[in-house]
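Undergrad: I am sharing query_37.txt, which consists of compact mmCIF, C-alpha atoms and all ligand atoms:
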```txt
# COMPACT_ATOMS: atom_id res chain seq x y z
CA MET F 235 -2.87 -12.00 1.94
CA LEU F 236 -4.84 -8.82 2.32
CA LEU F 237 -2.80 -5.91 3.64
CA SER F 238 -4.43 -2.71 4.85
CA VAL F 239 -3.24 0.79 5.71
CA ILE F 240 -5.55 2.68 8.04
CA GLN F 241 -5.49 6.47 7.74
CA THR F 242 -6.97 8.20 10.79
CA ASP F 243 -7.85 11.73 11.91
CA PRO F 244 -6.93 11.59 15.61
CA GLN F 245 -7.67 14.36 18.10
CA PHE F 246 -4.78 15.01 20.48
CA GLY F 247 -5.30 13.30 23.84
CA ASP F 248 -8.67 11.74 23.01
CA VAL F 249 -7.27 8.24 23.39
CA SER F 250 -10.44 6.15 23.52
CA ALA F 251 -12.09 7.99 20.58
CA ASN F 252 -8.88 7.67 18.54
CA ILE F 253 -8.72 3.93 19.18
CA GLN F 254 -12.42 3.57 18.40
CA GLN F 255 -11.95 5.40 15.09
CA ALA F 256 -9.11 3.06 14.09
CA VAL F 257 -11.07 -0.04 15.13
CA SER F 258 -14.14 1.09 13.14
CA LEU F 259 -12.03 1.63 10.03
CA MET F 260 -10.48 -1.83 10.46
CA GLU F 261 -13.89 -3.41 10.97
CA GLY F 262 -15.10 -1.75 7.77
CA LYS F 263 -12.38 -3.30 5.60
CA ARG F 264 -11.36 -6.85 6.50
CA ALA F 265 -7.68 -7.72 6.07
CA ASP F 266 -5.06 -10.15 7.37
CA LEU F 267 -2.60 -7.46 8.42
CA TYR F 268 -3.39 -3.84 9.28
CA VAL F 269 -1.00 -0.94 9.72
CA LEU F 270 -2.13 2.02 11.86
CA PRO F 271 -0.33 5.39 12.14
CA GLU F 272 2.47 6.40 14.51
CA LEU F 273 1.23 7.41 18.02
CA PHE F 274 -2.27 6.70 16.74
CA ALA F 275 -4.08 6.70 20.09
CA SER F 276 -2.41 9.60 21.90
CA GLY F 277 -1.83 12.08 19.08
CA TYR F 278 1.59 13.36 18.06
CA ASN F 279 2.46 16.91 19.01
CA PHE F 280 3.37 16.67 22.72
CA MET F 281 4.30 20.03 24.21
CA ASP F 282 7.00 18.69 26.49
CA ARG F 283 8.32 15.61 28.20
CA SER F 284 6.00 15.81 31.17
CA GLU F 285 2.98 15.80 28.86
CA LEU F 286 4.41 12.83 26.97
CA ASP F 287 4.88 11.09 30.30
CA GLN F 288 1.10 11.22 30.92
CA TYR F 289 0.39 9.23 27.74
CA ALA F 290 3.28 6.74 27.74
CA GLU F 291 2.34 3.13 28.41
CA PRO F 292 4.15 -0.21 28.48
CA ALA F 293 4.17 -2.42 25.37
CA THR F 294 1.46 -4.56 26.99
CA GLY F 295 -0.53 -1.60 28.34
CA PRO F 296 -4.19 -0.65 27.78
CA THR F 297 -3.83 0.14 24.06
CA PHE F 298 -2.21 -3.24 23.50
CA GLU F 299 -5.07 -4.95 25.40
CA LEU F 300 -7.67 -3.42 23.06
CA ILE F 301 -5.74 -4.12 19.87
CA ALA F 302 -4.90 -7.67 20.99
CA ARG F 303 -8.60 -8.31 21.57
CA PHE F 304 -9.32 -7.13 18.01
CA ALA F 305 -6.51 -9.29 16.56
CA ALA F 306 -7.77 -12.36 18.42
CA ALA F 307 -11.41 -11.75 17.46
CA TYR F 308 -10.62 -11.32 13.76
CA SER F 309 -7.59 -13.67 13.55
CA CYS F 310 -5.42 -10.94 12.10
CA TYR F 311 -2.24 -8.94 12.76
CA VAL F 312 -2.10 -5.24 13.62
CA VAL F 313 0.86 -2.86 13.75
CA TYR F 314 0.47 0.48 15.53
CA GLY F 315 2.57 3.27 16.98
CA PHE F 316 2.51 4.21 20.69
CA PRO F 317 4.64 6.08 23.26
CA GLU F 318 6.38 3.24 25.05
CA ARG F 319 7.15 3.48 28.74
CA ALA F 320 10.19 1.31 29.46
CA ASP F 321 13.53 2.22 31.04
CA ARG F 322 13.01 5.48 29.10
CA ILE F 323 10.17 6.65 26.83
CA TYR F 324 10.47 5.52 23.21
CA ASN F 325 8.46 6.30 20.09
CA SER F 326 7.59 2.67 19.39
CA SER F 327 5.48 0.38 17.28
CA ALA F 328 3.99 -2.95 18.26
CA LEU F 329 3.16 -5.94 16.07
CA VAL F 330 0.24 -7.84 17.57
CA GLY F 331 -1.29 -11.08 16.35
CA PRO F 332 -4.10 -13.46 17.31
CA SER F 333 -1.94 -14.86 20.14
CA GLY F 334 -0.71 -11.54 21.47
CA LEU F 335 2.44 -9.44 21.16
CA VAL F 336 4.79 -10.57 18.39
CA GLY F 337 7.37 -7.82 18.84
CA THR F 338 8.16 -4.14 19.07
CA TYR F 339 10.36 -1.60 17.32
CA ARG F 340 11.69 1.66 18.78
CA LYS F 341 12.07 4.56 16.32
CA VAL F 342 15.74 4.99 15.52
CA HIS F 343 15.60 8.37 13.73
CA LEU F 344 13.62 10.90 15.77
CA PHE F 345 12.07 13.93 14.01
CA TYR F 346 12.05 17.58 15.15
CA ARG F 347 10.70 18.08 18.73
CA GLU F 348 10.66 14.31 19.28
CA THR F 349 14.42 14.60 19.81
CA THR F 350 13.78 16.59 23.01
CA MET F 351 11.29 14.10 24.48
CA PHE F 352 11.83 10.54 23.31
CA ALA F 353 14.89 8.35 23.74
CA PRO F 354 16.32 7.17 20.41
CA GLY F 355 15.49 3.56 19.60
CA ASP F 356 17.93 0.98 20.96
CA LEU F 357 16.65 -2.24 19.37
CA GLY F 358 18.04 -1.79 15.87
CA PHE F 359 15.77 -3.05 13.08
CA PRO F 360 14.34 -6.44 14.14
CA VAL F 361 12.43 -8.72 11.78
CA PHE F 362 9.56 -11.09 12.52
CA ASP F 363 8.31 -14.21 10.77
CA LEU F 364 4.56 -14.17 10.15
CA PRO F 365 2.52 -16.84 8.31
CA PHE F 366 2.74 -14.64 5.16
CA GLY F 367 6.51 -14.08 5.28
CA ARG F 368 9.16 -12.05 7.07
CA VAL F 369 8.32 -8.46 8.01
CA GLY F 370 10.01 -5.54 9.75
CA MET F 371 8.95 -2.16 11.03
CA MET F 372 10.18 1.39 10.73
CA ILE F 373 8.47 4.56 11.90
CA CYS F 374 7.81 7.71 9.88
CA PHE F 375 11.05 9.76 9.54
CA ASP F 376 13.10 6.55 9.30
CA TRP F 377 12.09 6.72 5.61
CA ILE F 378 14.67 9.43 4.91
CA TYR F 379 17.54 7.12 5.85
CA PRO F 380 17.86 4.47 3.11
CA GLU F 381 19.91 2.50 5.64
CA ALA F 382 16.74 1.73 7.63
CA ALA F 383 14.92 -0.04 4.79
CA ARG F 384 18.17 -1.61 3.60
CA SER F 385 18.95 -3.00 7.07
CA LEU F 386 15.53 -4.64 7.22
CA THR F 387 15.93 -6.00 3.68
CA LEU F 388 19.35 -7.46 4.47
CA ARG F 389 17.73 -9.23 7.42
CA GLY F 390 15.24 -10.82 5.06
CA ALA F 391 12.17 -8.60 5.45
CA ARG F 392 9.92 -8.75 2.41
CA LEU F 393 7.48 -6.15 3.73
CA ILE F 394 8.14 -3.04 5.79
CA LEU F 395 5.29 -1.93 8.04
CA HIS F 396 5.58 1.83 8.43
CA PRO F 397 3.36 3.65 10.96
CA SER F 398 3.75 7.37 10.26
CA ASN F 399 2.69 10.90 11.14
CA LEU F 400 4.16 12.50 8.03
CA VAL F 401 4.67 16.23 7.91
CA LEU F 402 7.15 16.62 5.02
CA PRO F 403 5.62 16.03 1.58
CA HIS F 404 8.29 13.76 0.12
CA CYS F 405 7.79 10.38 1.77
CA PRO F 406 4.97 8.88 -0.33
CA ASP F 407 7.00 9.26 -3.52
CA ALA F 408 10.28 8.34 -1.80
CA MET F 409 8.81 5.00 -0.69
CA VAL F 410 8.57 4.01 -4.36
CA THR F 411 12.36 4.28 -4.49
CA ARG F 412 12.76 2.39 -1.20
CA CYS F 413 10.75 -0.45 -2.75
CA LEU F 414 12.62 -0.42 -6.05
CA GLU F 415 16.07 -0.33 -4.48
CA ASN F 416 15.26 -3.16 -2.05
CA ARG F 417 12.68 -5.16 -4.07
CA ILE F 418 10.30 -5.24 -1.12
CA PHE F 419 6.74 -4.20 -0.30
CA THR F 420 6.07 -1.26 2.01
CA ALA F 421 2.89 -0.23 3.83
CA THR F 422 2.89 3.36 5.09
CA ALA F 423 -0.07 4.28 7.35
CA ASN F 424 -0.26 8.01 7.88
CA ARG F 425 -2.75 10.37 9.54
CA ILE F 426 -4.48 13.55 8.45
CA GLY F 427 -5.36 16.71 10.37
CA ARG F 428 -3.48 19.40 12.24
CA GLU F 429 -2.07 19.81 15.75
CA ASP F 430 -1.14 23.37 16.82
CA ARG F 431 0.31 22.92 20.29
CA GLY F 432 2.97 24.63 22.42
CA GLY F 433 4.08 26.97 19.63
CA THR F 434 4.46 24.21 17.05
CA ASP F 435 1.82 23.96 14.35
CA LEU F 436 1.96 20.70 12.38
CA SER F 437 -0.22 19.51 9.51
CA PHE F 438 -0.16 15.88 8.46
CA ILE F 439 -0.22 14.92 4.81
CA GLY F 440 -2.26 11.70 4.56
CA ARG F 441 -1.45 9.77 1.37
CA SER F 442 -1.10 6.44 3.14
CA GLU F 443 -0.04 3.81 0.65
CA ILE F 444 1.05 0.28 -0.17
CA VAL F 445 3.87 -0.02 -2.72
CA SER F 446 5.09 -3.17 -4.48
CA PRO F 447 8.68 -4.33 -5.13
CA ARG F 448 8.18 -3.10 -8.73
CA GLY F 449 7.44 0.40 -7.45
CA GLU F 450 3.73 0.16 -8.22
CA ILE F 451 1.46 2.15 -5.92
CA MET F 452 -1.08 -0.56 -5.10
CA THR F 453 -3.26 1.79 -3.06
CA ARG F 454 -2.85 5.42 -2.03
CA LEU F 455 -5.32 7.42 0.06
CA GLY F 456 -6.08 11.15 -0.18
CA GLU F 457 -4.62 14.06 1.78
CA THR F 458 -7.67 15.10 3.78
CA THR F 459 -9.91 12.14 4.47
CA ALA F 460 -9.63 9.23 6.86
CA GLY F 461 -10.08 5.78 5.38
CA ALA F 462 -8.68 2.34 4.72
CA GLY F 463 -6.64 1.18 1.75
CA VAL F 464 -6.28 -2.51 0.95
CA ALA F 465 -4.09 -4.47 -1.45
CA LYS F 466 -3.68 -8.17 -2.07
CA VAL F 467 0.01 -8.92 -1.71
CA ASP F 468 2.12 -12.03 -2.25
CA LEU F 469 5.35 -11.60 -0.31
CA SER F 470 7.10 -14.22 -2.43
CA LEU F 471 7.22 -11.52 -5.16
CA ALA F 472 9.70 -9.61 -3.00
CA ASP F 473 12.65 -11.31 -4.61
CA ASP F 474 16.04 -9.76 -5.30
CA SER F 475 16.43 -11.34 -8.72
CA LEU F 476 16.09 -8.42 -11.15
CA ASN F 477 16.84 -10.43 -14.28
CA ARG F 478 19.01 -13.41 -15.19
CA TYR F 479 22.18 -11.32 -14.70
CA ASN F 480 21.39 -9.03 -11.77
CA ARG F 481 20.59 -9.92 -8.17
CA LEU F 482 20.02 -6.76 -6.25
CA LEU F 483 21.36 -7.78 -2.85
CA ALA F 484 23.84 -10.45 -3.87
CA ASP F 485 25.48 -8.03 -6.33
CA ARG F 486 26.13 -5.29 -3.78
CA ARG F 487 29.77 -4.14 -3.55
CA PRO F 488 30.08 -3.16 0.12
CA GLU F 489 33.86 -2.90 -0.16
CA HIS F 490 33.24 0.32 -2.16
CA TYR F 491 30.68 1.81 0.21
CA LYS F 492 31.54 4.11 3.09
CA GLY F 493 29.76 4.27 6.45
C1 LIG E 1 7.75 12.03 11.82
O1 LIG E 1 8.73 11.31 11.93
N1 LIG E 1 6.67 11.85 12.57
C2 LIG E 1 7.70 13.10 10.82
```
What do you get writing this file as structure tokens?
Ligand code: ACM

TA:
Amino acid sequence: MLLSVIQTDPQFGDVSANIQQAVSLMEGKRADLYVLPELFASGYNFMDRSELDQYAEPATGPTFELIARFAAAYSCYVVYGFPERADRIYNSSALVGPSGLVGTYRKVHLFYRETTMFAPGDLGFPVFDLPFGRVGMMICFDWIYPEAARSLTLRGARLILHPSNLVLPHCPDAMVTRCLENRIFTATANRIGREDRGGTDLSFIGRSEIVSPRGEIMTRLGETTAGAGVAKVDLSLADDSLNRYNRLLADRRPEHYKG
């Protein structure tokens, strides 16, 4: 299957233009499964909770409607990040397919000012069975906790879909390790640009990428330009058999691990 990471240059608050930009990039590079960045339609750097409240929408809100129309028209799947209005406001991602909403994930590990505005995710790390194989989601800063990718792997995910708004420089290289230590594929869709709002000036590092279970960087985009990266992936290659003697997951020794 063809997997694509879409790297956008959103402008804070310009929701319809940000969605249009993502849709144009998807239309320019056909794939079976697309990953868009975290909070891709709204922008990232909310000044406070009341501003966030203006942009939050339910999982089946207007952004979902537009993306679901795209997924139905092109018979594909799309994962994207959005501020989810539910009992509280979560930093969420949605997985949408040709027949509608497949599932959502709520960011477990909030980053920096997010901790003052969003509620921490309360759904754990769910997995979903797609025609290509089992997938799971994590969002941006979840990368720094190996437990996130490991939890998804232990639940059988062969591909982690990873909408991001990366600020720290380490994630693109760290994802190579996440793939090696779990023998899975990852698809990190990041944004570029800068948001200087409410006394917090953030620049986003681009470098969206798809990494294989062997740690190969199958595609990686640049730091300053929007675009689409595509790789042909076979999820059956995400297999924990390292060699005839070592099985990565089966050989774990949890009785020696703490926490
Ligand atoms: C981040 O979690 N958006 C850095």

Undergrad: Take atom CA of F:Ser250 and atom CA of F:Glu429 and report the distance between them in Å, one decimal.

TA: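 Separation between atom CA of F:Ser250 and atom CA of F:Glu429: 17.8 Å.
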
Undergrad: For ligand LIG 1 (chain E), collect every residue having any atom at a distance of at most 7 Å from a ligand atom (counting all atoms listed in the file); output as a list in words.

TA: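 Written in the requested form, the residues are Leu344, Phe345, Ile373, Cys374, Phe375, Asp376, Ser398, Asn399, Leu400, Val401 and Leu402 of chain F.
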
Undergrad: Could you pull out every residue with an atom within 6 Å of (-4.7, -8.3, 19.3), file coordinates, counting only C-alpha atoms, and send them as a list in words?

TA: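 It turns out the residues near that spot are Ile301, Ala302, Arg303, Phe304, Ala305, Ala306, Val330, Gly331, Pro332 and Gly334 of chain F.
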
Undergrad: For a quick check of understanding, using all atoms listed in the file, which of F:Asp430, F:Asp243, F:Asp287, F:Glu381 has the smallest distance to F:Gly358?

TA: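 Among F:Asp430, F:Asp243, F:Asp287, F:Glu381, it is F:Glu381 that comes nearest to F:Gly358.
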
Undergrad: Can you work out the spacing between atom CA of F:Ser258 and atom CA of F:Arg425 in Å, to one decimal?

TA: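 Here the two named atoms are 15.1 Å from each other.
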
Undergrad: Pick out the residues sitting within 8 Å of F:Arg417, and hand them over as number ranges by chain; count all atoms listed in the file, and ignore anything fewer than 6 positions along from it in its own chain.

TA: F: 392, 446-448, 472-474, 482

Undergrad: Name the residues within 8 Å of (4.5, 6.4, 25.2), counting all atoms listed in the file in the file's coordinates, and put them as a list of chain:residue names.

TA: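 Applying the cut-off with all atoms listed in the file, one gets F:Leu273, F:Leu286, F:Asp287, F:Tyr289, F:Ala290, F:Glu291, F:Pro292, F:Phe316, F:Pro317, F:Glu318, F:Arg319, F:Ile323, F:Tyr324, F:Asn325, F:Ser326.
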
Undergrad: Tell me which of F:Met372, F:Met281, F:Ala465, F:Ala484 sits closest to F:Phe246, counting only C-alpha atoms.

TA: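 When distances to F:Phe246 are compared using only C-alpha atoms, the smallest one comes from F:Met281.
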
Undergrad: Suppose you want the space between atom CA of F:Tyr268 and atom CA of F:Val313; what is it in Å?

TA: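 Atom-to-atom, atom CA of F:Tyr268 to atom CA of F:Val313, that is 6.2 Å.
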
Undergrad: With all atoms listed in the file as the counted atoms, please give the residues lying no more than 12 Å from F:Arg347, apart from itself and same-chain residues fewer than 2 positions off, as a CSV table (one decimal) with C-alpha atoms, in the frame of the given file.

TA:
```
chain,number,residue,atom,x,y,z
F,278,TYR,CA,1.6,13.4,18.1
F,279,ASN,CA,2.5,16.9,19.0
F,280,PHE,CA,3.4,16.7,22.7
F,281,MET,CA,4.3,20.0,24.2
F,282,ASP,CA,7.0,18.7,26.5
F,283,ARG,CA,8.3,15.6,28.2
F,286,LEU,CA,4.4,12.8,27.0
F,343,HIS,CA,15.6,8.4,13.7
F,344,LEU,CA,13.6,10.9,15.8
F,345,PHE,CA,12.1,13.9,14.0
F,349,THR,CA,14.4,14.6,19.8
F,350,THR,CA,13.8,16.6,23.0
F,351,MET,CA,11.3,14.1,24.5
F,352,PHE,CA,11.8,10.5,23.3
F,353,ALA,CA,14.9,8.4,23.7
F,431,ARG,CA,0.3,22.9,20.3
F,432,GLY,CA,3.0,24.6,22.4
F,433,GLY,CA,4.1,27.0,19.6
F,434,THR,CA,4.5,24.2,17.0
F,435,ASP,CA,1.8,24.0,14.4
F,436,LEU,CA,2.0,20.7,12.4
```

Undergrad: Excluding stretch 355-357 of chain F and residues on its chain fewer than 6 positions from it, collect all residues at most 6 Å away from it, counting all atoms listed in the file, and give them as a list of chain:residue names.

TA: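 The neighbour list is F:Arg340, F:Lys341, F:Val342.
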
Undergrad: Could you check which of F:Leu388, F:Ile240, F:Ile378, F:Ile444 is closest to F:Val312, using only C-alpha atoms?

TA: F:Ile240

Undergrad: Any chance you could work out the axis-aligned box around stretch 356-367 of chain F, listed atoms only, 5 Å on each side, giving centre and edge lengths in Å to one decimal, as JSON?

TA:
```
{"center_x": 10.3, "center_y": -7.9, "center_z": 13.1, "size_x": 25.5, "size_y": 27.8, "size_z": 25.8}
```

Undergrad: Compile the contact shell of F:His396 as a PyMOL selection string: residues with an atom at most 10 Å away, counting all atoms listed in the file, same-chain residues fewer than 6 positions apart removed.

TA: chain F and resi 239+269-272+313-315+327+370-377+420-424+442-444

Undergrad: Point out the residue among F:Val249, F:Met260, F:Leu364, F:Cys413 with the least atom-to-atom distance to F:Tyr308, counting all atoms listed in the file.

TA: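 Looking at the shortest contact to F:Tyr308, the residue is F:Met260.
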
Undergrad: Taking only C-alpha atoms into account, which of F:Leu476, F:Ala251, F:Val464, F:Ile418 comes nearest F:Asp266?

TA: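 That would be F:Val464, the residue with the smallest distance to F:Asp266.
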